[in-house]
$ cat structure-v5.cif   # mmCIF, C-alpha atoms and all ligand atoms
data_data
loop_
_atom_site.label_atom_id
_atom_site.label_comp_id
_atom_site.auth_asym_id
_atom_site.auth_seq_id
_atom_site.Cartn_x
_atom_site.Cartn_y
_atom_site.Cartn_z
CA MET A 1 5.16 10.20 2.53
CA TYR A 2 4.38 11.68 -0.82
CA GLY A 3 1.02 13.39 -1.13
CA VAL A 4 -0.15 10.83 -3.68
CA ILE A 5 -0.61 8.46 -0.73
CA ASN A 6 -2.56 10.97 1.39
CA LYS A 7 -4.66 11.92 -1.61
CA SER A 8 -5.52 8.29 -2.27
CA LEU A 9 -6.69 7.92 1.33
CA ARG A 10 -8.85 11.01 0.93
CA ASP A 11 -10.32 9.68 -2.35
CA MET A 12 -11.18 6.39 -0.65
CA VAL A 13 -13.16 8.11 2.10
CA ILE A 14 -14.93 10.43 -0.35
CA GLU A 15 -15.82 7.57 -2.74
CA GLN A 16 -17.09 5.30 0.02
CA PHE A 17 -18.66 7.76 2.47
CA GLY A 18 -18.95 11.17 0.76
CA GLU A 19 -17.45 14.63 1.23
CA PRO A 20 -19.08 15.47 4.59
CA LYS A 21 -17.53 12.39 6.18
CA TRP A 22 -14.16 13.36 4.76
CA SER A 23 -14.43 16.82 6.38
CA GLU A 24 -15.01 15.08 9.71
CA VAL A 25 -11.97 12.84 9.21
CA LEU A 26 -9.75 15.75 8.24
CA GLN A 27 -10.87 17.81 11.20
CA ARG A 28 -10.40 14.91 13.59
CA SER A 29 -6.87 14.24 12.26
CA GLY A 30 -5.70 17.81 12.87
CA VAL A 31 -3.78 17.58 9.57
CA PRO A 32 -3.56 20.80 7.49
CA ASP A 33 -5.84 20.75 4.45
CA ASP A 34 -2.90 21.38 2.10
CA SER A 35 -1.35 17.94 2.69
CA PHE A 36 -2.59 16.43 -0.55
CA LEU A 37 -0.33 17.63 -3.37
CA ALA A 38 0.57 14.36 -5.11
CA MET A 39 4.17 15.26 -5.92
CA GLN A 40 5.08 16.84 -2.63
CA SER A 41 6.65 14.93 0.24
CA TYR A 42 5.10 15.29 3.70
CA ASP A 43 6.03 14.01 7.10
CA ASP A 44 4.98 10.36 7.62
CA ASP A 45 3.04 11.53 10.62
CA VAL A 46 0.49 13.17 8.32
CA THR A 47 -0.37 9.82 6.74
CA TYR A 48 -0.49 8.02 10.09
CA LYS A 49 -2.76 10.67 11.60
CA LEU A 50 -5.11 10.51 8.62
CA ALA A 51 -5.33 6.72 8.78
CA GLN A 52 -6.00 6.81 12.53
CA ALA A 53 -8.66 9.50 12.09
CA CYS A 54 -10.38 7.38 9.40
CA ALA A 55 -10.45 4.41 11.74
CA ASP A 56 -11.76 6.46 14.67
CA GLU A 57 -14.41 8.16 12.56
CA MET A 58 -15.64 4.82 11.14
CA GLN A 59 -15.28 3.13 14.53
CA ILE A 60 -13.08 0.38 13.14
CA ASP A 61 -9.58 -0.79 14.06
CA LEU A 62 -6.62 0.96 12.48
CA THR A 63 -5.57 -2.39 10.98
CA ASP A 64 -8.92 -2.69 9.17
CA ALA A 65 -8.65 0.87 7.87
CA LEU A 66 -5.13 0.18 6.58
CA ARG A 67 -6.24 -3.07 4.92
CA ALA A 68 -9.06 -1.27 3.13
CA PHE A 69 -6.63 1.43 2.07
CA GLY A 70 -4.26 -1.18 0.59
CA VAL A 71 -7.04 -2.60 -1.57
CA HIS A 72 -8.05 0.91 -2.64
CA TRP A 73 -4.46 1.87 -3.54
CA VAL A 74 -4.24 -1.01 -6.03
CA GLU A 75 -7.78 -0.96 -7.37
CA ASN A 76 -8.53 2.74 -7.51
CA THR A 77 -5.27 4.67 -7.50
CA VAL A 78 -2.38 2.96 -9.27
CA SER A 79 -4.62 1.00 -11.63
CA LYS A 80 -6.06 4.29 -12.84
CA GLN A 81 -3.18 6.78 -12.59
CA TYR A 82 -0.21 4.51 -13.26
CA GLU A 83 -1.69 1.74 -15.38
CA SER A 84 1.07 1.70 -18.00
CA LEU A 85 3.74 1.28 -15.31
CA MET A 86 1.65 -1.38 -13.63
CA ARG A 87 1.14 -3.28 -16.87
CA ALA A 88 4.83 -3.15 -17.73
CA ALA A 89 5.67 -4.71 -14.36
CA GLY A 90 3.94 -8.00 -15.01
CA SER A 91 0.84 -9.91 -15.96
CA ASP A 92 0.67 -12.37 -13.09
CA MET A 93 0.74 -11.69 -9.38
CA LEU A 94 4.04 -13.27 -8.39
CA GLY A 95 5.85 -12.03 -11.50
CA PHE A 96 4.55 -8.56 -10.71
CA LEU A 97 5.68 -8.74 -7.08
CA GLY A 98 9.09 -9.89 -8.26
CA ASN A 99 9.31 -6.71 -10.37
CA LEU A 100 7.91 -4.33 -7.79
CA ASN A 101 11.31 -3.21 -6.49
CA ASN A 102 12.23 -2.27 -10.07
CA LEU A 103 8.97 -0.42 -10.45
CA HIS A 104 9.61 1.60 -7.30
CA ASP A 105 13.24 2.18 -8.43
CA ARG A 106 12.16 3.40 -11.82
CA ILE A 107 10.03 6.17 -10.35
CA SER A 108 12.68 7.40 -7.91
CA SER A 109 13.49 10.26 -10.29
CA THR A 110 9.87 11.39 -10.00
CA PHE A 111 9.51 10.87 -6.26
CA LEU A 112 12.85 12.34 -5.15
CA ASN A 113 14.30 11.00 -1.90
CA TYR A 114 11.32 8.78 -1.31
CA ARG A 115 11.59 5.62 0.76
CA PRO A 116 9.66 2.82 -0.91
CA PRO A 117 9.47 -0.65 0.63
CA ALA A 118 11.21 -3.74 -0.73
CA PHE A 119 9.70 -7.15 -1.45
CA GLU A 120 11.41 -10.52 -1.79
CA VAL A 121 9.50 -13.36 -3.37
CA GLY A 122 10.63 -16.86 -2.40
CA ASP A 123 10.47 -20.10 -4.34
CA ARG A 124 7.52 -19.99 -6.71
CA SER A 125 7.46 -23.61 -7.77
CA GLY A 126 4.94 -24.83 -5.19
CA ASN A 127 1.47 -23.64 -4.16
CA GLU A 128 2.78 -21.97 -1.05
CA VAL A 129 4.96 -18.95 -1.54
CA GLU A 130 6.75 -16.70 0.93
CA ILE A 131 6.69 -12.97 0.36
CA LEU A 132 8.94 -10.87 2.55
CA TYR A 133 8.06 -7.21 3.04
CA LEU A 134 10.82 -4.86 4.24
CA SER A 135 10.16 -1.28 5.24
CA GLU A 136 11.96 1.56 6.96
CA ARG A 137 8.61 2.35 8.57
CA VAL A 138 6.67 0.67 11.31
CA GLY A 139 2.99 -0.22 11.26
CA LEU A 140 2.17 -0.69 7.59
CA THR A 141 1.92 -4.49 7.50
CA PRO A 142 -1.93 -4.39 7.39
CA PHE A 143 -1.65 -1.97 4.45
CA VAL A 144 0.47 -4.59 2.66
CA GLU A 145 -2.14 -7.24 3.44
CA GLY A 146 -4.70 -5.10 1.60
CA LEU A 147 -2.25 -4.51 -1.25
CA LEU A 148 -1.78 -8.26 -1.70
CA ARG A 149 -5.55 -8.78 -1.77
CA GLY A 150 -5.93 -5.95 -4.28
CA LEU A 151 -3.22 -7.47 -6.48
CA ALA A 152 -4.81 -10.93 -6.30
CA ASP A 153 -8.05 -9.33 -7.55
CA ARG A 154 -6.25 -7.43 -10.28
CA PHE A 155 -4.64 -10.60 -11.61
CA ASN A 156 -7.71 -12.82 -11.05
CA GLN A 157 -5.54 -14.91 -8.82
CA GLU A 158 -7.02 -17.05 -6.07
CA MET A 159 -4.89 -16.38 -3.04
CA GLU A 160 -5.12 -17.14 0.63
CA ILE A 161 -2.89 -15.50 3.19
CA VAL A 162 -2.01 -18.47 5.39
CA ASP A 163 0.24 -16.76 7.89
CA ILE A 164 1.68 -13.34 8.66
CA VAL A 165 4.93 -13.61 10.58
CA PRO A 166 6.62 -10.50 12.00
CA GLN A 167 10.43 -10.72 11.80
CA GLN A 168 12.71 -9.45 14.55
CA VAL A 169 14.46 -6.31 13.31
CA SER A 170 16.14 -3.44 15.10
CA GLN A 171 14.76 -0.78 12.75
CA GLY A 172 11.71 -0.48 10.54
CA GLU A 173 9.51 -3.49 9.93
CA GLN A 174 9.88 -6.80 8.16
CA THR A 175 7.02 -9.21 7.73
CA LEU A 176 6.83 -12.60 6.11
CA PHE A 177 3.57 -13.33 4.31
CA LYS A 178 2.95 -16.99 3.63
CA VAL A 179 0.41 -17.25 0.85
CA ARG A 180 -1.30 -20.16 -0.87
CA MET A 181 -1.84 -19.60 -4.54
CA GLY A 182 -4.82 -21.17 -6.31
CA GLN A 183 -6.11 -20.93 -9.85
CA GLN A 184 -5.36 -17.90 -11.96
C1 LIG A 201 2.91 2.54 -10.36
C2 LIG A 201 2.46 2.20 -9.18
C3 LIG A 201 3.04 2.69 -7.88
C4 LIG A 201 3.52 3.94 -7.55
C5 LIG A 201 3.55 5.18 -8.42
C6 LIG A 201 3.99 3.87 -6.17
C7 LIG A 201 4.51 4.92 -5.47
C8 LIG A 201 4.75 4.94 -4.11
C9 LIG A 201 5.06 6.11 -3.33
C10 LIG A 201 5.20 7.54 -3.88
C11 LIG A 201 5.20 5.72 -2.04
C12 LIG A 201 5.52 6.63 -0.82
C13 LIG A 201 6.91 6.46 -0.32
C14 LIG A 201 7.49 7.75 0.26
O1 LIG A 201 6.90 8.84 0.06
O2 LIG A 201 8.55 7.69 0.93
C15 LIG A 201 4.97 4.29 -2.01
C16 LIG A 201 4.98 3.55 -0.87
C17 LIG A 201 4.61 2.23 -0.82
N1 LIG A 201 4.36 1.39 -1.90
FE1 LIG A 201 4.29 1.93 -3.84
N2 LIG A 201 3.79 2.60 -5.70
C18 LIG A 201 3.20 1.87 -6.69
C19 LIG A 201 2.79 0.56 -6.63
C20 LIG A 201 2.81 -0.20 -5.50
C21 LIG A 201 2.22 -1.51 -5.39
C22 LIG A 201 1.44 -2.24 -6.50
C23 LIG A 201 2.48 -1.96 -4.16
C24 LIG A 201 2.03 -3.32 -3.69
C25 LIG A 201 2.63 -4.14 -2.95
C26 LIG A 201 3.22 -0.92 -3.45
C27 LIG A 201 3.67 -0.96 -2.14
C28 LIG A 201 4.02 0.16 -1.39
C29 LIG A 201 4.10 0.19 0.07
C30 LIG A 201 3.85 -0.98 1.02
C31 LIG A 201 4.45 1.50 0.42
C32 LIG A 201 4.57 2.09 1.85
C33 LIG A 201 5.95 2.44 2.23
C34 LIG A 201 6.56 1.48 3.24
O3 LIG A 201 6.08 0.32 3.36
O4 LIG A 201 7.52 1.89 3.93
N3 LIG A 201 3.41 0.12 -4.31
N4 LIG A 201 4.72 3.84 -3.28
#
$ encode --input "structure-v5.cif" --output "structure tokens"
Amino acid sequence: MYGVINKSLRDMVIEQFGEPKWSEVLQRSGVPDDSFLAMQSYDDDVTYKLAQACADEMQIDLTDALRAFGVHWVENTVSKQYESLMRAAGSDMLGFLGNLNNLHDRISSTFLNYRPPAFEVGDRSGNEVEILYLSERVGLTPFVEGLLRGLADRFNQEMEIVDIVPQQVSQGEQTLFKVRMGQQ
């Protein structure tokens, strides 16, 4: 994945636990210390190893580390570095999610050959809404859970994730998030 992702993970650890902890994580991961150029693409394995090393170092599950990273990506990375793009994509959570594929498309000339996920938002007329996440990768569903929580915060939207249902696919990962929307 592009270095912007790895860099965001590094920033999260430094902000929450300080530089010395980050050095431990990096060492534990075995990842080279030049894996953090935002606009360079690295092997996915780099990101996975970093996330696993974070979890091991903090003695938490990988899923919890990925959830925390999802929240951080929305609250501390894209909301700071890409705020104008974020704002243009919508001012309420479901509208934003409905535009997210366009957002990722629009930046494909910046992030050449990247492989962003896709999202499909179901019927929005009731309180319960289905959000389908489709990825070429495996294992990032907890990251998406954190992203949804980060977005709910961003849009001051009460939201409860009622169910997370893995879909049977032969490649990549698809997950259905059933969410209950409250007050905005
Ligand atoms: C302007 C804001 C954003 C930018 C610049 C951005 C950019 C990127 C980039 C560069 C990647 C790595 C893909 C690769 O290297 O192949 C990525 C992946 C991803 N993005 Fe975004 N993104 C943004 C907003 C969001 C938001 C708000 C979400 C929330 C749902 C999101 C969901 C994801 C997910 C889940 C992935 C992981 C890839 C996968 O699931 O296979 N992105 N994005």
$ closest_residue --input "structure-v5.cif" --among "A:Glu158, A:Glu128, A:Asp44, A:Asp64" --to "ligand LIG 201 (chain A)" --atoms "only C-alpha atoms and all ligand atoms"
A:Asp44
$ closest_residue --input "structure-v5.cif" --among "A:Asp43, A:Asp153, A:Glu130, A:Asp92" --to "ligand LIG 201 (chain A)" --atoms "all atoms listed in the file"
A:Asp43
$ atom_distance --input "structure-v5.cif" --atom1 "atom C17 of ligand LIG 201 (chain A)" --atom2 "CA of Gln183 (chain A)"
27.1 Å
$ closest_residue --input "structure-v5.cif" --among "A:Tyr48, A:Phe17, A:Tyr42, A:Phe69" --to "Arg137 (chain A)" --atoms "only C-alpha atoms"
A:Tyr48
$ atom_distance --input "structure-v5.cif" --atom1 "CA of Ala51 (chain A)" --atom2 "CA of Pro142 (chain A)"
11.7 Å
$ residues_near_ligand --input "structure-v5.cif" --ligand "ligand LIG 201 (chain A)" --cutoff "6 Å" --atoms "only C-alpha atoms and all ligand atoms" --output "PyMOL selection string"
chain A and resi 1-2+74+78+82+85-86+111+114-117+135-137+140+144+147
$ write_last_selection --input "structure-v5.cif" --atoms "C-alpha atoms" --output "PDB file, keeping the file's coordinate frame"
ATOM      1  CA  MET A   1       5.160  10.200   2.530  1.00  0.00           C
ATOM      2  CA  TYR A   2       4.380  11.680  -0.820  1.00  0.00           C
ATOM      3  CA  VAL A  74      -4.240  -1.010  -6.030  1.00  0.00           C
ATOM      4  CA  VAL A  78      -2.380   2.960  -9.270  1.00  0.00           C
ATOM      5  CA  TYR A  82      -0.210   4.510 -13.260  1.00  0.00           C
ATOM      6  CA  LEU A  85       3.740   1.280 -15.310  1.00  0.00           C
ATOM      7  CA  MET A  86       1.650  -1.380 -13.630  1.00  0.00           C
ATOM      8  CA  PHE A 111       9.510  10.870  -6.260  1.00  0.00           C
ATOM      9  CA  TYR A 114      11.320   8.780  -1.310  1.00  0.00           C
ATOM     10  CA  ARG A 115      11.590   5.620   0.760  1.00  0.00           C
ATOM     11  CA  PRO A 116       9.660   2.820  -0.910  1.00  0.00           C
ATOM     12  CA  PRO A 117       9.470  -0.650   0.630  1.00  0.00           C
ATOM     13  CA  SER A 135      10.160  -1.280   5.240  1.00  0.00           C
ATOM     14  CA  GLU A 136      11.960   1.560   6.960  1.00  0.00           C
ATOM     15  CA  ARG A 137       8.610   2.350   8.570  1.00  0.00           C
ATOM     16  CA  LEU A 140       2.170  -0.690   7.590  1.00  0.00           C
ATOM     17  CA  VAL A 144       0.470  -4.590   2.660  1.00  0.00           C
ATOM     18  CA  LEU A 147      -2.250  -4.510  -1.250  1.00  0.00           C
TER      19      LEU A 147
END
$ closest_residue --input "structure-v5.cif" --among "A:Val71, A:Lys80, A:Gly30, A:Met39" --to "Thr110 (chain A)" --atoms "only C-alpha atoms"
A:Met39
$ atom_distance --input "structure-v5.cif" --atom1 "CA of Leu132 (chain A)" --atom2 "CA of Asn156 (chain A)"
21.6 Å
$ closest_residue --input "structure-v5.cif" --among "A:Val129, A:Met12, A:Cys54, A:Leu26" --to "Met159 (chain A)" --atoms "all atoms listed in the file"
A:Val129
$ closest_residue --input "structure-v5.cif" --among "A:Asp163, A:Glu24, A:Glu173, A:Glu83" --to "Ala55 (chain A)" --atoms "all atoms listed in the file"
A:Glu24
$ axis_aligned_box --input "structure-v5.cif" --around "region 119-137 of chain A" --padding-each-side "3 Å" --output "AutoDock Vina command-line options"
--center_x 6.7 --center_y -11.2 --center_z 0.4 --size_x 16.5 --size_y 33.2 --size_z 22.3
$ residues_around --input "structure-v5.cif" --residues "Tyr133 (chain A)" --least-positions-apart "6" --cutoff "12 Å" --atoms "only C-alpha atoms" --output "ChimeraX atom specification"
/A:97-98,100-101,116-122,139-145,147-148,164-167,172-178
$ residues_around --input "structure-v5.cif" --residues "Lys21 (chain A)" --least-positions-apart "2" --cutoff "12 Å" --atoms "all atoms listed in the file" --output "list of chain:residue names"
A:Arg10, A:Asp11, A:Met12, A:Val13, A:Ile14, A:Glu15, A:Gln16, A:Phe17, A:Gly18, A:Glu19, A:Ser23, A:Glu24, A:Val25, A:Leu26, A:Gln27, A:Arg28, A:Ala53, A:Cys54, A:Asp56, A:Glu57, A:Met58
$ write_last_selection --input "structure-v5.cif" --atoms "C-alpha atoms" --output "PDB file, keeping the file's coordinate frame"
ATOM      1  CA  ARG A  10      -8.850  11.010   0.930  1.00  0.00           C
ATOM      2  CA  ASP A  11     -10.320   9.680  -2.350  1.00  0.00           C
ATOM      3  CA  MET A  12     -11.180   6.390  -0.650  1.00  0.00           C
ATOM      4  CA  VAL A  13     -13.160   8.110   2.100  1.00  0.00           C
ATOM      5  CA  ILE A  14     -14.930  10.430  -0.350  1.00  0.00           C
ATOM      6  CA  GLU A  15     -15.820   7.570  -2.740  1.00  0.00           C
ATOM      7  CA  GLN A  16     -17.090   5.300   0.020  1.00  0.00           C
ATOM      8  CA  PHE A  17     -18.660   7.760   2.470  1.00  0.00           C
ATOM      9  CA  GLY A  18     -18.950  11.170   0.760  1.00  0.00           C
ATOM     10  CA  GLU A  19     -17.450  14.630   1.230  1.00  0.00           C
ATOM     11  CA  SER A  23     -14.430  16.820   6.380  1.00  0.00           C
ATOM     12  CA  GLU A  24     -15.010  15.080   9.710  1.00  0.00           C
ATOM     13  CA  VAL A  25     -11.970  12.840   9.210  1.00  0.00           C
ATOM     14  CA  LEU A  26      -9.750  15.750   8.240  1.00  0.00           C
ATOM     15  CA  GLN A  27     -10.870  17.810  11.200  1.00  0.00           C
ATOM     16  CA  ARG A  28     -10.400  14.910  13.590  1.00  0.00           C
ATOM     17  CA  ALA A  53      -8.660   9.500  12.090  1.00  0.00           C
ATOM     18  CA  CYS A  54     -10.380   7.380   9.400  1.00  0.00           C
ATOM     19  CA  ASP A  56     -11.760   6.460  14.670  1.00  0.00           C
ATOM     20  CA  GLU A  57     -14.410   8.160  12.560  1.00  0.00           C
ATOM     21  CA  MET A  58     -15.640   4.820  11.140  1.00  0.00           C
TER      22      MET A  58
END
$ residues_around --input "structure-v5.cif" --residues "Gln81 (chain A)" --least-positions-apart "5" --cutoff "12 Å" --atoms "only C-alpha atoms" --output "PyMOL selection string"
chain A and resi 4+8+38+73-76+86-87
$ build_atoms --input "structure-v5.cif" --residues "region 127-163 of chain A" --atoms "N, CA and C atoms" --output "PDB file, keeping the file's coordinate frame"
ATOM      1  N   ASN A 127       2.682 -24.439  -4.366  1.00  0.00           N
ATOM      2  CA  ASN A 127       1.470 -23.640  -4.160  1.00  0.00           C
ATOM      3  C   ASN A 127       1.662 -22.589  -3.085  1.00  0.00           C
ATOM      4  N   GLU A 128       2.563 -22.911  -2.134  1.00  0.00           N
ATOM      5  CA  GLU A 128       2.780 -21.970  -1.050  1.00  0.00           C
ATOM      6  C   GLU A 128       4.028 -21.137  -1.318  1.00  0.00           C
ATOM      7  N   VAL A 129       3.864 -19.849  -1.208  1.00  0.00           N
ATOM      8  CA  VAL A 129       4.960 -18.950  -1.540  1.00  0.00           C
ATOM      9  C   VAL A 129       5.168 -17.976  -0.387  1.00  0.00           C
ATOM     10  N   GLU A 130       6.433 -17.655  -0.130  1.00  0.00           N
ATOM     11  CA  GLU A 130       6.750 -16.700   0.930  1.00  0.00           C
ATOM     12  C   GLU A 130       7.091 -15.348   0.325  1.00  0.00           C
ATOM     13  N   ILE A 131       6.434 -14.330   0.842  1.00  0.00           N
ATOM     14  CA  ILE A 131       6.690 -12.970   0.360  1.00  0.00           C
ATOM     15  C   ILE A 131       7.171 -12.153   1.552  1.00  0.00           C
ATOM     16  N   LEU A 132       8.393 -11.654   1.443  1.00  0.00           N
ATOM     17  CA  LEU A 132       8.940 -10.870   2.550  1.00  0.00           C
ATOM     18  C   LEU A 132       8.810  -9.385   2.230  1.00  0.00           C
ATOM     19  N   TYR A 133       8.238  -8.667   3.174  1.00  0.00           N
ATOM     20  CA  TYR A 133       8.060  -7.210   3.040  1.00  0.00           C
ATOM     21  C   TYR A 133       9.050  -6.524   3.964  1.00  0.00           C
ATOM     22  N   LEU A 134       9.817  -5.581   3.437  1.00  0.00           N
ATOM     23  CA  LEU A 134      10.820  -4.860   4.240  1.00  0.00           C
ATOM     24  C   LEU A 134      10.582  -3.364   4.119  1.00  0.00           C
ATOM     25  N   SER A 135      10.453  -2.713   5.254  1.00  0.00           N
ATOM     26  CA  SER A 135      10.160  -1.280   5.240  1.00  0.00           C
ATOM     27  C   SER A 135      11.016  -0.550   6.257  1.00  0.00           C
ATOM     28  N   GLU A 136      11.290   0.704   5.963  1.00  0.00           N
ATOM     29  CA  GLU A 136      11.960   1.560   6.960  1.00  0.00           C
ATOM     30  C   GLU A 136      10.956   2.039   7.993  1.00  0.00           C
ATOM     31  N   ARG A 137       9.661   1.841   7.683  1.00  0.00           N
ATOM     32  CA  ARG A 137       8.610   2.350   8.570  1.00  0.00           C
ATOM     33  C   ARG A 137       8.045   1.223   9.432  1.00  0.00           C
ATOM     34  N   VAL A 138       7.300   1.651  10.430  1.00  0.00           N
ATOM     35  CA  VAL A 138       6.670   0.670  11.310  1.00  0.00           C
ATOM     36  C   VAL A 138       5.153   0.830  11.202  1.00  0.00           C
ATOM     37  N   GLY A 139       4.447  -0.276  11.141  1.00  0.00           N
ATOM     38  CA  GLY A 139       2.990  -0.220  11.260  1.00  0.00           C
ATOM     39  C   GLY A 139       2.206  -0.421   9.978  1.00  0.00           C
ATOM     40  N   LEU A 140       2.911  -0.622   8.855  1.00  0.00           N
ATOM     41  CA  LEU A 140       2.170  -0.690   7.590  1.00  0.00           C
ATOM     42  C   LEU A 140       1.896  -2.109   7.092  1.00  0.00           C
ATOM     43  N   THR A 141       2.188  -3.108   7.929  1.00  0.00           N
ATOM     44  CA  THR A 141       1.920  -4.490   7.500  1.00  0.00           C
ATOM     45  C   THR A 141       0.455  -4.721   7.093  1.00  0.00           C
ATOM     46  N   PRO A 142      -0.536  -4.189   7.841  1.00  0.00           N
ATOM     47  CA  PRO A 142      -1.930  -4.390   7.390  1.00  0.00           C
ATOM     48  C   PRO A 142      -2.217  -3.720   6.037  1.00  0.00           C
ATOM     49  N   PHE A 143      -1.523  -2.621   5.759  1.00  0.00           N
ATOM     50  CA  PHE A 143      -1.650  -1.970   4.450  1.00  0.00           C
ATOM     51  C   PHE A 143      -1.189  -2.947   3.362  1.00  0.00           C
ATOM     52  N   VAL A 144      -0.068  -3.621   3.628  1.00  0.00           N
ATOM     53  CA  VAL A 144       0.470  -4.590   2.660  1.00  0.00           C
ATOM     54  C   VAL A 144      -0.497  -5.762   2.471  1.00  0.00           C
ATOM     55  N   GLU A 145      -1.145  -6.160   3.553  1.00  0.00           N
ATOM     56  CA  GLU A 145      -2.140  -7.240   3.440  1.00  0.00           C
ATOM     57  C   GLU A 145      -3.216  -6.831   2.425  1.00  0.00           C
ATOM     58  N   GLY A 146      -3.694  -5.603   2.550  1.00  0.00           N
ATOM     59  CA  GLY A 146      -4.700  -5.100   1.600  1.00  0.00           C
ATOM     60  C   GLY A 146      -4.137  -5.012   0.189  1.00  0.00           C
ATOM     61  N   LEU A 147      -2.881  -4.597   0.077  1.00  0.00           N
ATOM     62  CA  LEU A 147      -2.250  -4.510  -1.250  1.00  0.00           C
ATOM     63  C   LEU A 147      -2.217  -5.878  -1.910  1.00  0.00           C
ATOM     64  N   LEU A 148      -1.853  -6.906  -1.127  1.00  0.00           N
ATOM     65  CA  LEU A 148      -1.780  -8.260  -1.700  1.00  0.00           C
ATOM     66  C   LEU A 148      -3.165  -8.715  -2.159  1.00  0.00           C
ATOM     67  N   ARG A 149      -4.186  -8.391  -1.364  1.00  0.00           N
ATOM     68  CA  ARG A 149      -5.550  -8.780  -1.770  1.00  0.00           C
ATOM     69  C   ARG A 149      -5.967  -8.013  -3.030  1.00  0.00           C
ATOM     70  N   GLY A 150      -5.608  -6.753  -3.093  1.00  0.00           N
ATOM     71  CA  GLY A 150      -5.930  -5.950  -4.280  1.00  0.00           C
ATOM     72  C   GLY A 150      -5.229  -6.503  -5.515  1.00  0.00           C
ATOM     73  N   LEU A 151      -3.968  -6.919  -5.340  1.00  0.00           N
ATOM     74  CA  LEU A 151      -3.220  -7.470  -6.480  1.00  0.00           C
ATOM     75  C   LEU A 151      -3.815  -8.805  -6.922  1.00  0.00           C
ATOM     76  N   ALA A 152      -4.208  -9.636  -5.951  1.00  0.00           N
ATOM     77  CA  ALA A 152      -4.810 -10.930  -6.300  1.00  0.00           C
ATOM     78  C   ALA A 152      -6.065 -10.682  -7.157  1.00  0.00           C
ATOM     79  N   ASP A 153      -6.854  -9.693  -6.771  1.00  0.00           N
ATOM     80  CA  ASP A 153      -8.050  -9.330  -7.550  1.00  0.00           C
ATOM     81  C   ASP A 153      -7.664  -8.869  -8.952  1.00  0.00           C
ATOM     82  N   ARG A 154      -6.677  -7.995  -8.993  1.00  0.00           N
ATOM     83  CA  ARG A 154      -6.250  -7.430 -10.280  1.00  0.00           C
ATOM     84  C   ARG A 154      -5.847  -8.530 -11.254  1.00  0.00           C
ATOM     85  N   PHE A 155      -5.152  -9.543 -10.737  1.00  0.00           N
ATOM     86  CA  PHE A 155      -4.640 -10.600 -11.610  1.00  0.00           C
ATOM     87  C   PHE A 155      -5.546 -11.837 -11.624  1.00  0.00           C
ATOM     88  N   ASN A 156      -6.778 -11.685 -11.114  1.00  0.00           N
ATOM     89  CA  ASN A 156      -7.710 -12.820 -11.050  1.00  0.00           C
ATOM     90  C   ASN A 156      -7.051 -14.056 -10.474  1.00  0.00           C
ATOM     91  N   GLN A 157      -6.312 -13.834  -9.417  1.00  0.00           N
ATOM     92  CA  GLN A 157      -5.540 -14.910  -8.820  1.00  0.00           C
ATOM     93  C   GLN A 157      -6.192 -15.320  -7.499  1.00  0.00           C
ATOM     94  N   GLU A 158      -6.561 -16.593  -7.381  1.00  0.00           N
ATOM     95  CA  GLU A 158      -7.020 -17.050  -6.070  1.00  0.00           C
ATOM     96  C   GLU A 158      -5.838 -17.037  -5.131  1.00  0.00           C
ATOM     97  N   MET A 159      -6.006 -16.452  -3.983  1.00  0.00           N
ATOM     98  CA  MET A 159      -4.890 -16.380  -3.040  1.00  0.00           C
ATOM     99  C   MET A 159      -5.405 -16.362  -1.614  1.00  0.00           C
ATOM    100  N   GLU A 160      -4.747 -17.152  -0.782  1.00  0.00           N
ATOM    101  CA  GLU A 160      -5.120 -17.140   0.630  1.00  0.00           C
ATOM    102  C   GLU A 160      -3.871 -16.776   1.419  1.00  0.00           C
ATOM    103  N   ILE A 161      -4.020 -15.822   2.313  1.00  0.00           N
ATOM    104  CA  ILE A 161      -2.890 -15.500   3.190  1.00  0.00           C
ATOM    105  C   ILE A 161      -2.950 -16.488   4.354  1.00  0.00           C
ATOM    106  N   VAL A 162      -1.978 -17.383   4.418  1.00  0.00           N
ATOM    107  CA  VAL A 162      -2.010 -18.470   5.390  1.00  0.00           C
ATOM    108  C   VAL A 162      -1.432 -18.030   6.723  1.00  0.00           C
ATOM    109  N   ASP A 163      -0.410 -17.184   6.654  1.00  0.00           N
ATOM    110  CA  ASP A 163       0.240 -16.760   7.890  1.00  0.00           C
ATOM    111  C   ASP A 163       0.938 -15.417   7.665  1.00  0.00           C
TER     112      ASP A 163
END
